[in-house]
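**Q** Sharing a structure here in structure tokens format.
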Amino acid sequence: MQILVLGSAAGGGFPQWNCNCANCCRARAGDPAAPPRTQSSLAVSADGERWLLLNASPDLRQQILVNPALHPRRGARHSPIAAVVLSNGDVDHVAGLLTLRENQPLAVYGSDRIHAALRGNSVFNVLNPAVVARRPLALDERLAVMAFDGTELGLQVTAFAVPGKVALYMENEKAGPGFGTQSGDTIGLEIRTDEERRFFYLPACASLSPDLAGRLRAAPLVFFDGTLWQDDEMISMGVGTKTGRRMGHMSIGGGEGSLAAFASLGVQRRIYVHINNTNPILIAGSPERVQVEAAGWEVAYDGMETRL
Ligand code: MLT
Ligand code: MN
Ligand code: ZN
């Protein structure tokens, strides 16, 4: 199985269009310690021919351009992208579906809640239902991913609910502390091949519950939410008013952070993805980057390629 990191940044990308934080300034200035990153997505293939996207970011057009594996190969119209699995309804994970219009056959998988979010936004009707199948992703069931025409990609996906939050644009301030969040708004994904090679992908996760820790224990590879280093990072840098917790993301550092939570899980390979532009781990050689690497973590970058 091949895994390509198409985009390793969180929503907004790195640098973010309107952000003047120290990290973004370094990226904009071309500092080699702060390479730019596009928004959150992976591509996976069992055969090197047909690809499954895990999330479709607003940068998808650019991500396709720089990854030859995703270029058309035959006939007048063709794409190696056969299917998309969505892990939540956030803008950084669904806006790229609009790039995939143009009558190209495609299967789009998501939880009931994620499909409801798409149905609630009529702009996604630009995906012609005659060639784009919207397929359910029942939680805790192993499902063989199929292209629009029903052929299997040789990849199976198991979706499971993870602690998180409803998409920002669907938040209901009157609905109490969860803002109307329901199970299935944020899901984690386990991807397997027919040969039982497997990995987990959780670009958004609010906490490592005992259930979730049990599921991830001793896994060969986990891509995990690396949004913020510190819960109040955006507030203390003056670029926002929300904590990571408020946004549905557990931080990396600190006693309740993912570094500490994963320390005893025995996961063989751990890679941070969905990294916000304010996060100091984006800067090569920063103390925080050195600390995550010393703990055995890798920091994803655009174009990172892994085989399992
Ligand atoms: C998030 O990960 O918290 C979202 O992508 C926020 C957003 O929609 O901008
Ligand atoms: Mn996001
Ligand atoms: Zn910034």
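Naming scheme: A, B, ... for chains in displayed order of the structure tokens; residues 1 onward per chain; ligands 1 onward as shown.
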Using only C-alpha atoms and all ligand atoms, what does the table of chain A residues within 6 Å of ligand 2 look like, with each row giving the shortest atom pair and its distance in Å to one decimal, sorted by chain and ascending number, as CSV?

**A**
residue,atom,partner,partner_atom_place_in_ligand_line,distance
A:Ala10,CA,ligand 2,1 (Mn),5.0
A:Gly11,CA,ligand 2,1 (Mn),4.5
A:Asp90,CA,ligand 2,1 (Mn),5.9
A:Asp92,CA,ligand 2,1 (Mn),5.3

**Q** Ligand 3: which residues are within 8 Å, counting only C-alpha atoms and all ligand atoms, as a list in words?

**A** Phe14, Pro15, Gln16, Asn18, Cys19, Asn20, Cys21, Ala22, Asn23, Cys24, Cys25, Val239, Asn276, Asn277 and Thr278 of chain A

**Q** Identify, counting only C-alpha atoms and all ligand atoms, the protein, DNA and RNA residues located within 9 Å of ligand 1, and give them as a list in words.

**A**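 The distance check yields Ala10, Gly11, Gly12, Ser40, Gly89, Asp90, Val91, Asp92, His93, Lys165, Ala167, Leu168, Tyr169, Pro203, Ala204, Thr227, Gly244, Arg246, Met247, Gly248, His249, His274 and Asn276 of chain A.
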
**Q** Expressed in Å to a single decimal, how great is the separation between CA of Met234 in chain A and CA of Arg269 in chain A?

**A**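 Calculated distance between CA of Met234 in chain A and CA of Arg269 in chain A is 28.2 Å.
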
**Q** Could you check which of A:Gly13, A:Arg217, A:Glu171, A:Pro32 is closest to Ala284 in chain A, using only C-alpha atoms?

**A**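 Among A:Gly13, A:Arg217, A:Glu171, A:Pro32, it is A:Pro32 that comes nearest to Ala284 in chain A.
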
**Q** What's around Ala206 in chain A at 12 Å? Count only C-alpha atoms, leave out sequence neighbours fewer than 2 positions away in its own chain, and write the answer as an NGL selection string.

**A** :A and (161-166 or 178 or 186-188 or 202-204 or 208-209 or 212 or 224-228 or 231 or 243-252 or 256-258)

**Q** Could I get the residues of range 174-283 of chain A with an atom no further than 10 Å from an atom of range 147-158 of chain A, each paired with its nearest atom pair and that distance in Å to one decimal, using only C-alpha atoms, sorted by chain and residue number, as a tab-separated table?

**A**
residue	atom	partner	partner_atom	distance
A:Ile187	CA	A:Thr158	CA	9.7
A:Gly188	CA	A:Thr158	CA	8.3
A:Leu189	CA	A:Thr158	CA	5.7
A:Glu190	CA	A:Thr158	CA	5.1
A:Ile191	CA	A:Val157	CA	4.6
A:Arg192	CA	A:Gln156	CA	5.1
A:Thr193	CA	A:Leu155	CA	4.8
A:Asp194	CA	A:Gly154	CA	6.1
A:Glu195	CA	A:Gly154	CA	9.3
A:Glu196	CA	A:Gln156	CA	9.4
A:Arg197	CA	A:Leu155	CA	9.7
A:Arg198	CA	A:Gln156	CA	9.2
A:Phe199	CA	A:Val157	CA	9.9
A:Phe200	CA	A:Thr158	CA	9.4

**Q** Output N, CA, C and O atoms for every residue in the selection just made, as a CSV table (one decimal), in the first residue's frame.

**A**
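Contents of out.csv, as written:
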chain,number,residue,atom,x,y,z
A,187,ILE,N,-14.9,11.4,12.5
A,187,ILE,CA,-14.6,10.0,12.6
A,187,ILE,C,-13.1,9.8,12.4
A,187,ILE,O,-12.4,10.6,11.8
A,188,GLY,N,-12.6,8.7,12.9
A,188,GLY,CA,-11.3,8.2,12.6
A,188,GLY,C,-11.4,7.1,11.6
A,188,GLY,O,-12.5,6.5,11.4
A,189,LEU,N,-10.4,6.8,10.9
A,189,LEU,CA,-10.4,5.8,9.8
A,189,LEU,C,-9.3,4.8,10.0
A,189,LEU,O,-8.1,5.2,10.3
A,190,GLU,N,-9.6,3.5,9.9
A,190,GLU,CA,-8.6,2.5,9.8
A,190,GLU,C,-8.6,2.0,8.4
A,190,GLU,O,-9.7,1.5,7.9
A,191,ILE,N,-7.5,2.0,7.7
A,191,ILE,CA,-7.4,1.6,6.3
A,191,ILE,C,-6.6,0.3,6.3
A,191,ILE,O,-5.5,0.2,6.9
A,192,ARG,N,-7.2,-0.8,5.6
A,192,ARG,CA,-6.5,-2.0,5.5
A,192,ARG,C,-6.4,-2.5,4.1
A,192,ARG,O,-7.3,-2.2,3.3
A,193,THR,N,-5.4,-3.3,3.7
A,193,THR,CA,-5.3,-3.9,2.4
A,193,THR,C,-5.8,-5.4,2.6
A,193,THR,O,-6.0,-5.9,3.7
A,194,ASP,N,-5.9,-6.1,1.5
A,194,ASP,CA,-6.3,-7.5,1.5
A,194,ASP,C,-5.3,-8.3,2.3
A,194,ASP,O,-5.6,-9.4,2.8
A,195,GLU,N,-4.0,-7.8,2.3
A,195,GLU,CA,-2.9,-8.5,3.0
A,195,GLU,C,-2.9,-8.1,4.5
A,195,GLU,O,-1.9,-8.4,5.2
A,196,GLU,N,-3.9,-7.4,5.0
A,196,GLU,CA,-3.9,-6.9,6.4
A,196,GLU,C,-2.9,-5.9,6.7
A,196,GLU,O,-2.5,-5.8,7.9
A,197,ARG,N,-2.3,-5.2,5.8
A,197,ARG,CA,-1.5,-4.1,6.1
A,197,ARG,C,-2.4,-3.0,6.6
A,197,ARG,O,-3.5,-2.8,5.9
A,198,ARG,N,-2.1,-2.2,7.6
A,198,ARG,CA,-3.1,-1.3,8.1
A,198,ARG,C,-2.5,0.0,8.7
A,198,ARG,O,-1.3,-0.1,9.1
A,199,PHE,N,-3.3,1.0,8.7
A,199,PHE,CA,-2.9,2.2,9.4
A,199,PHE,C,-4.1,3.0,9.8
A,199,PHE,O,-5.2,2.8,9.3
A,200,PHE,N,-3.9,3.9,10.7
A,200,PHE,CA,-5.0,4.8,11.2
A,200,PHE,C,-4.8,6.2,10.7
A,200,PHE,O,-3.6,6.7,10.6

**Q** Would you mind listing, for every residue of range 8-124 of chain A within 12 Å of range 286-300 of chain A, the two atoms forming the shortest contact and the distance between them in Å to one decimal, using only C-alpha atoms, sorted by chain and ascending residue number, as JSON lines?

**A**
{"residue": "A:Ser8", "atom": "CA", "partner": "A:Ala300", "partner_atom": "CA", "distance": 5.8}
{"residue": "A:Ala9", "atom": "CA", "partner": "A:Ala300", "partner_atom": "CA", "distance": 8.7}
{"residue": "A:Ala10", "atom": "CA", "partner": "A:Ala300", "partner_atom": "CA", "distance": 11.5}
{"residue": "A:Asn23", "atom": "CA", "partner": "A:Ser286", "partner_atom": "CA", "distance": 11.1}
{"residue": "A:Ala33", "atom": "CA", "partner": "A:Ser286", "partner_atom": "CA", "distance": 9.2}
{"residue": "A:Ala34", "atom": "CA", "partner": "A:Ser286", "partner_atom": "CA", "distance": 10.4}
{"residue": "A:Pro35", "atom": "CA", "partner": "A:Ala300", "partner_atom": "CA", "distance": 11.4}
{"residue": "A:Pro36", "atom": "CA", "partner": "A:Ala300", "partner_atom": "CA", "distance": 11.8}
{"residue": "A:Arg37", "atom": "CA", "partner": "A:Ala300", "partner_atom": "CA", "distance": 9.5}
{"residue": "A:Thr38", "atom": "CA", "partner": "A:Ala300", "partner_atom": "CA", "distance": 11.2}
{"residue": "A:Gln39", "atom": "CA", "partner": "A:Ala300", "partner_atom": "CA", "distance": 11.7}
{"residue": "A:Ser40", "atom": "CA", "partner": "A:Ala300", "partner_atom": "CA", "distance": 10.4}
{"residue": "A:Ser41", "atom": "CA", "partner": "A:Ala300", "partner_atom": "CA", "distance": 11.0}
{"residue": "A:Leu42", "atom": "CA", "partner": "A:Ala300", "partner_atom": "CA", "distance": 10.5}

**Q** Keeping all heavy atoms for every residue in the selection just given, could you write it to a file as an mmCIF file, in the first residue's frame?

**A**
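The result, written out as part16.cif:
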data_model
loop_
_atom_site.group_PDB
_atom_site.id
_atom_site.type_symbol
_atom_site.label_atom_id
_atom_site.label_comp_id
_atom_site.auth_asym_id
_atom_site.auth_seq_id
_atom_site.Cartn_x
_atom_site.Cartn_y
_atom_site.Cartn_z
ATOM 1 N N SER A 8 -0.311 18.620 4.570
ATOM 2 C CA SER A 8 -0.017 18.320 5.977
ATOM 3 C C SER A 8 -0.454 19.429 6.932
ATOM 4 O O SER A 8 -0.328 19.292 8.139
ATOM 5 C CB SER A 8 1.485 18.058 6.139
ATOM 6 O OG SER A 8 2.242 19.119 5.566
ATOM 7 N N ALA A 9 -0.939 20.540 6.391
ATOM 8 C CA ALA A 9 -1.361 21.656 7.255
ATOM 9 C C ALA A 9 -2.832 21.524 7.630
ATOM 10 O O ALA A 9 -3.602 20.831 6.981
ATOM 11 C CB ALA A 9 -1.127 22.990 6.547
ATOM 12 N N ALA A 10 -3.200 22.258 8.665
ATOM 13 C CA ALA A 10 -4.606 22.358 9.061
ATOM 14 C C ALA A 10 -5.323 23.354 8.141
ATOM 15 O O ALA A 10 -4.733 23.878 7.194
ATOM 16 C CB ALA A 10 -4.700 22.813 10.511
ATOM 17 N N ASN A 23 5.560 32.290 12.393
ATOM 18 C CA ASN A 23 5.707 31.122 11.512
ATOM 19 C C ASN A 23 5.332 31.474 10.067
ATOM 20 O O ASN A 23 6.045 31.150 9.118
ATOM 21 C CB ASN A 23 4.786 29.981 11.964
ATOM 22 C CG ASN A 23 5.328 29.205 13.151
ATOM 23 O OD1 ASN A 23 6.403 29.499 13.662
ATOM 24 N ND2 ASN A 23 4.570 28.210 13.583
ATOM 25 N N ALA A 33 13.681 26.541 6.825
ATOM 26 C CA ALA A 33 13.237 25.852 8.047
ATOM 27 C C ALA A 33 11.713 25.840 8.165
ATOM 28 O O ALA A 33 11.167 25.178 9.055
ATOM 29 C CB ALA A 33 13.846 26.516 9.278
ATOM 30 N N ALA A 34 11.024 26.570 7.287
ATOM 31 C CA ALA A 34 9.565 26.699 7.388
ATOM 32 C C ALA A 34 8.911 26.476 6.027
ATOM 33 O O ALA A 34 8.283 27.385 5.477
ATOM 34 C CB ALA A 34 9.206 28.077 7.947
ATOM 35 N N PRO A 35 9.067 25.276 5.451
ATOM 36 C CA PRO A 35 8.500 25.052 4.114
ATOM 37 C C PRO A 35 6.964 25.147 4.126
ATOM 38 O O PRO A 35 6.333 24.709 5.087
ATOM 39 C CB PRO A 35 8.960 23.632 3.762
ATOM 40 C CG PRO A 35 9.326 22.994 5.058
ATOM 41 C CD PRO A 35 9.738 24.094 5.988
ATOM 42 N N PRO A 36 6.379 25.716 3.072
ATOM 43 C CA PRO A 36 4.917 25.841 3.005
ATOM 44 C C PRO A 36 4.235 24.471 2.990
ATOM 45 O O PRO A 36 4.838 23.474 2.585
ATOM 46 C CB PRO A 36 4.683 26.554 1.670
ATOM 47 C CG PRO A 36 5.994 27.120 1.281
ATOM 48 C CD PRO A 36 7.048 26.282 1.911
ATOM 49 N N ARG A 37 3.014 24.464 3.425
ATOM 50 C CA ARG A 37 2.225 23.232 3.446
ATOM 51 C C ARG A 37 0.801 23.521 2.980
ATOM 52 O O ARG A 37 0.228 24.548 3.354
ATOM 53 C CB ARG A 37 2.183 22.644 4.857
ATOM 54 C CG ARG A 37 3.461 21.965 5.298
ATOM 55 C CD ARG A 37 3.404 21.700 6.797
ATOM 56 N NE ARG A 37 4.305 20.633 7.219
ATOM 57 C CZ ARG A 37 5.586 20.786 7.502
ATOM 58 N NH1 ARG A 37 6.131 21.976 7.400
ATOM 59 N NH2 ARG A 37 6.324 19.761 7.886
ATOM 60 N N THR A 38 0.230 22.601 2.234
ATOM 61 C CA THR A 38 -1.166 22.736 1.806
ATOM 62 C C THR A 38 -2.065 22.026 2.819
ATOM 63 O O THR A 38 -1.590 21.390 3.759
ATOM 64 C CB THR A 38 -1.380 22.160 0.398
ATOM 65 O OG1 THR A 38 -1.075 20.750 0.427
ATOM 66 C CG2 THR A 38 -0.493 22.855 -0.633
ATOM 67 N N GLN A 39 -3.387 22.145 2.572
ATOM 68 C CA GLN A 39 -4.344 21.692 3.579
ATOM 69 C C GLN A 39 -4.579 20.185 3.532
ATOM 70 O O GLN A 39 -4.358 19.516 2.540
ATOM 71 C CB GLN A 39 -5.638 22.485 3.421
ATOM 72 C CG GLN A 39 -5.423 23.972 3.759
ATOM 73 C CD GLN A 39 -6.572 24.853 3.340
ATOM 74 O OE1 GLN A 39 -7.590 24.922 4.021
ATOM 75 N NE2 GLN A 39 -6.443 25.545 2.228
ATOM 76 N N SER A 40 -5.077 19.730 4.629
ATOM 77 C CA SER A 40 -5.158 18.364 5.142
ATOM 78 C C SER A 40 -5.751 17.276 4.221
ATOM 79 O O SER A 40 -6.978 17.217 4.044
ATOM 80 C CB SER A 40 -6.016 18.499 6.406
ATOM 81 O OG SER A 40 -6.241 17.308 7.044
ATOM 82 N N SER A 41 -4.897 16.395 3.696
ATOM 83 C CA SER A 41 -5.403 15.271 2.896
ATOM 84 C C SER A 41 -4.318 14.230 2.674
ATOM 85 O O SER A 41 -3.137 14.559 2.569
ATOM 86 C CB SER A 41 -5.880 15.804 1.537
ATOM 87 O OG SER A 41 -6.255 14.757 0.674
ATOM 88 N N LEU A 42 -4.723 12.957 2.604
ATOM 89 C CA LEU A 42 -3.819 11.870 2.201
ATOM 90 C C LEU A 42 -4.401 11.203 0.959
ATOM 91 O O LEU A 42 -5.600 11.256 0.717
ATOM 92 C CB LEU A 42 -3.707 10.781 3.277
ATOM 93 C CG LEU A 42 -3.241 11.098 4.693
ATOM 94 C CD1 LEU A 42 -3.047 9.797 5.471
ATOM 95 C CD2 LEU A 42 -1.979 11.910 4.711
#

**Q** Just list the residues in range 1-244 of chain A DSSP gives alpha helix (DSSP H) on the backbone, as a compact mmCIF listing (two decimals) with N, CA and C atoms, in the first residue's frame.

**A**
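Writing the result to part.txt gives the following:
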# COMPACT_ATOMS: atom_id res chain seq x y z
N ALA A 22 4.62 34.76 13.41
CA ALA A 22 6.05 34.58 13.10
C ALA A 22 6.27 33.40 12.15
N ASN A 23 5.56 32.29 12.39
CA ASN A 23 5.71 31.12 11.51
C ASN A 23 5.33 31.47 10.07
N CYS A 24 4.16 32.09 9.90
CA CYS A 24 3.68 32.40 8.55
C CYS A 24 4.63 33.36 7.84
N CYS A 25 5.18 34.33 8.59
CA CYS A 25 6.12 35.28 7.98
C CYS A 25 7.36 34.54 7.49
N ARG A 26 7.84 33.57 8.28
CA ARG A 26 9.03 32.81 7.86
C ARG A 26 8.72 32.00 6.60
N ALA A 27 7.55 31.39 6.57
CA ALA A 27 7.18 30.59 5.39
C ALA A 27 7.07 31.47 4.15
N ARG A 28 6.45 32.64 4.34
CA ARG A 28 6.25 33.57 3.22
C ARG A 28 7.58 34.10 2.71
N LEU A 60 -6.84 20.88 -3.35
CA LEU A 60 -6.73 19.63 -4.10
C LEU A 60 -6.22 19.81 -5.54
N ARG A 61 -6.64 20.88 -6.18
CA ARG A 61 -6.18 21.08 -7.57
C ARG A 61 -4.67 21.14 -7.62
N GLN A 62 -4.08 21.96 -6.73
CA GLN A 62 -2.62 22.09 -6.65
C GLN A 62 -1.97 20.76 -6.23
N GLN A 63 -2.60 20.05 -5.33
CA GLN A 63 -2.05 18.77 -4.85
C GLN A 63 -2.02 17.74 -5.99
N ILE A 64 -3.05 17.73 -6.83
CA ILE A 64 -3.05 16.83 -7.98
C ILE A 64 -1.93 17.22 -8.96
N LEU A 65 -1.79 18.52 -9.18
CA LEU A 65 -0.78 18.99 -10.14
C LEU A 65 0.63 18.52 -9.77
N VAL A 66 0.98 18.54 -8.47
CA VAL A 66 2.35 18.21 -8.06
C VAL A 66 2.55 16.72 -7.76
N VAL A 91 -14.54 22.52 6.31
CA VAL A 91 -14.23 23.12 5.01
C VAL A 91 -12.91 22.57 4.46
N ASP A 92 -11.90 22.43 5.33
CA ASP A 92 -10.60 21.96 4.84
C ASP A 92 -10.63 20.50 4.40
N HIS A 93 -11.72 19.80 4.67
CA HIS A 93 -11.80 18.39 4.27
C HIS A 93 -12.82 18.10 3.18
N VAL A 94 -13.70 19.05 2.90
CA VAL A 94 -14.73 18.78 1.87
C VAL A 94 -14.70 19.74 0.68
N ASP A 112 -23.26 9.25 8.15
CA ASP A 112 -24.56 9.88 7.89
C ASP A 112 -24.51 11.37 8.17
N ARG A 113 -23.83 11.73 9.25
CA ARG A 113 -23.74 13.15 9.64
C ARG A 113 -22.97 13.96 8.58
N ILE A 114 -21.91 13.37 8.05
CA ILE A 114 -21.12 14.08 7.05
C ILE A 114 -21.92 14.23 5.75
N HIS A 115 -22.63 13.16 5.36
CA HIS A 115 -23.47 13.28 4.16
C HIS A 115 -24.57 14.32 4.36
N ALA A 116 -25.11 14.39 5.58
CA ALA A 116 -26.14 15.40 5.85
C ALA A 116 -25.57 16.80 5.66
N ALA A 117 -24.31 16.99 6.07
CA ALA A 117 -23.67 18.30 5.89
C ALA A 117 -23.54 18.62 4.40
N LEU A 118 -23.17 17.63 3.60
CA LEU A 118 -23.04 17.86 2.15
C LEU A 118 -24.41 18.17 1.53
N ARG A 119 -25.43 17.40 1.96
CA ARG A 119 -26.77 17.63 1.42
C ARG A 119 -27.29 19.02 1.78
N PRO A 210 -10.27 6.17 26.61
CA PRO A 210 -9.77 4.80 26.82
C PRO A 210 -10.11 3.88 25.64
N ASP A 211 -11.31 4.02 25.11
CA ASP A 211 -11.74 3.24 23.94
C ASP A 211 -10.80 3.42 22.75
N LEU A 212 -10.53 4.68 22.49
CA LEU A 212 -9.71 5.03 21.33
C LEU A 212 -8.27 4.56 21.56
N ALA A 213 -7.78 4.75 22.78
CA ALA A 213 -6.42 4.30 23.10
C ALA A 213 -6.31 2.80 22.86
N GLY A 214 -7.34 2.06 23.27
CA GLY A 214 -7.33 0.61 23.07
C GLY A 214 -7.29 0.23 21.60
N ARG A 215 -8.01 0.98 20.80
CA ARG A 215 -8.06 0.70 19.36
C ARG A 215 -6.71 0.95 18.70
N LEU A 216 -6.02 1.99 19.17
CA LEU A 216 -4.76 2.37 18.52
C LEU A 216 -3.54 1.61 19.07
N GLU A 233 -2.60 28.43 22.30
CA GLU A 233 -1.59 28.98 21.38
C GLU A 233 -2.12 30.12 20.50
N MET A 234 -3.32 29.96 19.96
CA MET A 234 -3.84 30.99 19.04
C MET A 234 -4.21 32.25 19.81
N ILE A 235 -4.67 32.08 21.04
CA ILE A 235 -5.01 33.24 21.87
C ILE A 235 -3.74 33.98 22.27
N SER A 236 -2.75 33.23 22.77
CA SER A 236 -1.54 33.91 23.27
C SER A 236 -0.77 34.57 22.12
N GLY A 244 -7.70 25.14 21.52
CA GLY A 244 -7.76 23.91 20.74
C GLY A 244 -8.96 23.08 21.16

**Q** Would you list the contacts of Ile3 in chain A as a PDB file with N, CA, C and O atoms, in the first residue's frame, taking every protein, DNA or RNA residue within 9 Å and counting only C-alpha atoms, but skipping same-chain residues closer than 6 positions in sequence?

**A**
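out_13.pdb was written with the following content:
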ATOM      1  N   LEU A  42      -4.723  12.957   2.604  1.00  0.00           N
ATOM      2  CA  LEU A  42      -3.819  11.870   2.201  1.00  0.00           C
ATOM      3  C   LEU A  42      -4.401  11.203   0.959  1.00  0.00           C
ATOM      4  O   LEU A  42      -5.600  11.256   0.717  1.00  0.00           O
ATOM      5  N   ALA A  43      -3.534  10.533   0.190  1.00  0.00           N
ATOM      6  CA  ALA A  43      -3.985   9.657  -0.899  1.00  0.00           C
ATOM      7  C   ALA A  43      -3.395   8.279  -0.649  1.00  0.00           C
ATOM      8  O   ALA A  43      -2.239   8.161  -0.234  1.00  0.00           O
ATOM      9  N   VAL A  44      -4.208   7.234  -0.891  1.00  0.00           N
ATOM     10  CA  VAL A  44      -3.806   5.864  -0.589  1.00  0.00           C
ATOM     11  C   VAL A  44      -4.100   4.978  -1.787  1.00  0.00           C
ATOM     12  O   VAL A  44      -5.132   5.138  -2.446  1.00  0.00           O
ATOM     13  N   SER A  45      -3.189   4.038  -2.069  1.00  0.00           N
ATOM     14  CA  SER A  45      -3.434   3.110  -3.175  1.00  0.00           C
ATOM     15  C   SER A  45      -2.883   1.731  -2.844  1.00  0.00           C
ATOM     16  O   SER A  45      -1.795   1.602  -2.282  1.00  0.00           O
ATOM     17  N   MET A 304       5.297  13.716   1.403  1.00  0.00           N
ATOM     18  CA  MET A 304       5.810  12.579   2.188  1.00  0.00           C
ATOM     19  C   MET A 304       5.156  11.294   1.663  1.00  0.00           C
ATOM     20  O   MET A 304       3.955  11.245   1.442  1.00  0.00           O
ATOM     21  N   GLU A 305       5.978  10.285   1.456  1.00  0.00           N
ATOM     22  CA  GLU A 305       5.460   9.042   0.885  1.00  0.00           C
ATOM     23  C   GLU A 305       5.845   7.871   1.774  1.00  0.00           C
ATOM     24  O   GLU A 305       6.981   7.791   2.234  1.00  0.00           O
ATOM     25  N   THR A 306       4.894   6.978   2.010  1.00  0.00           N
ATOM     26  CA  THR A 306       5.127   5.833   2.885  1.00  0.00           C
ATOM     27  C   THR A 306       4.581   4.584   2.211  1.00  0.00           C
ATOM     28  O   THR A 306       3.564   4.655   1.537  1.00  0.00           O
ATOM     29  N   ARG A 307       5.290   3.480   2.370  1.00  0.00           N
ATOM     30  CA  ARG A 307       4.781   2.193   1.880  1.00  0.00           C
ATOM     31  C   ARG A 307       4.582   1.255   3.052  1.00  0.00           C
ATOM     32  O   ARG A 307       5.408   1.200   3.947  1.00  0.00           O
ATOM     33  N   LEU A 308       3.500   0.502   3.003  1.00  0.00           N
ATOM     34  CA  LEU A 308       3.240  -0.471   4.065  1.00  0.00           C
ATOM     35  C   LEU A 308       3.063  -1.841   3.445  1.00  0.00           C
ATOM     36  O   LEU A 308       2.369  -1.961   2.443  1.00  0.00           O
TER      37      LEU A 308
END

**Q** Point out the residue among A:Leu265, A:Leu282, A:Leu139, A:Val126 with the least atom-to-atom distance to Leu98 in chain A, counting only C-alpha atoms.

**A**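 Counting only C-alpha atoms, the residue closest to Leu98 in chain A is A:Val126.
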
**Q** Can you list every residue in range 17-212 of chain A that DSSP puts in strand (DSSP E or B), as a PyMOL selection string?

**A** chain A and resi 37+39+41-45+51-54+81-85+106-110+132-136+139+142-146+152-161+187-193+198-202

**Q** Name the closest residue to Asp47 in chain A among the candidates A:Gly255, A:Val85, A:Gln2, A:Trp17; distances are taken between atoms, counting only C-alpha atoms.

**A**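 Residue with the minimum atom-to-atom distance to Asp47 in chain A: A:Gln2.
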
**Q** As an exercise, work out the distance from CA of Asn55 in chain A to CA of Ala133 in chain A in Å and give it to one decimal place.

**A**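 Distance reported for this atom pair: 15.7 Å.
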
**Q** A:Val108, A:Val222, A:Ala29, A:Cys205: which is nearest Asn128 in chain A, counting only C-alpha atoms?

**A**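 With only C-alpha atoms as the atom set, the closest residue is A:Val108.
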
**Q** Using CA of Val131 in chain A and CA of Pro68 in chain A as the two end points, give the distance in Å to one decimal.

**A**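 These atoms are spaced 23.8 Å apart.
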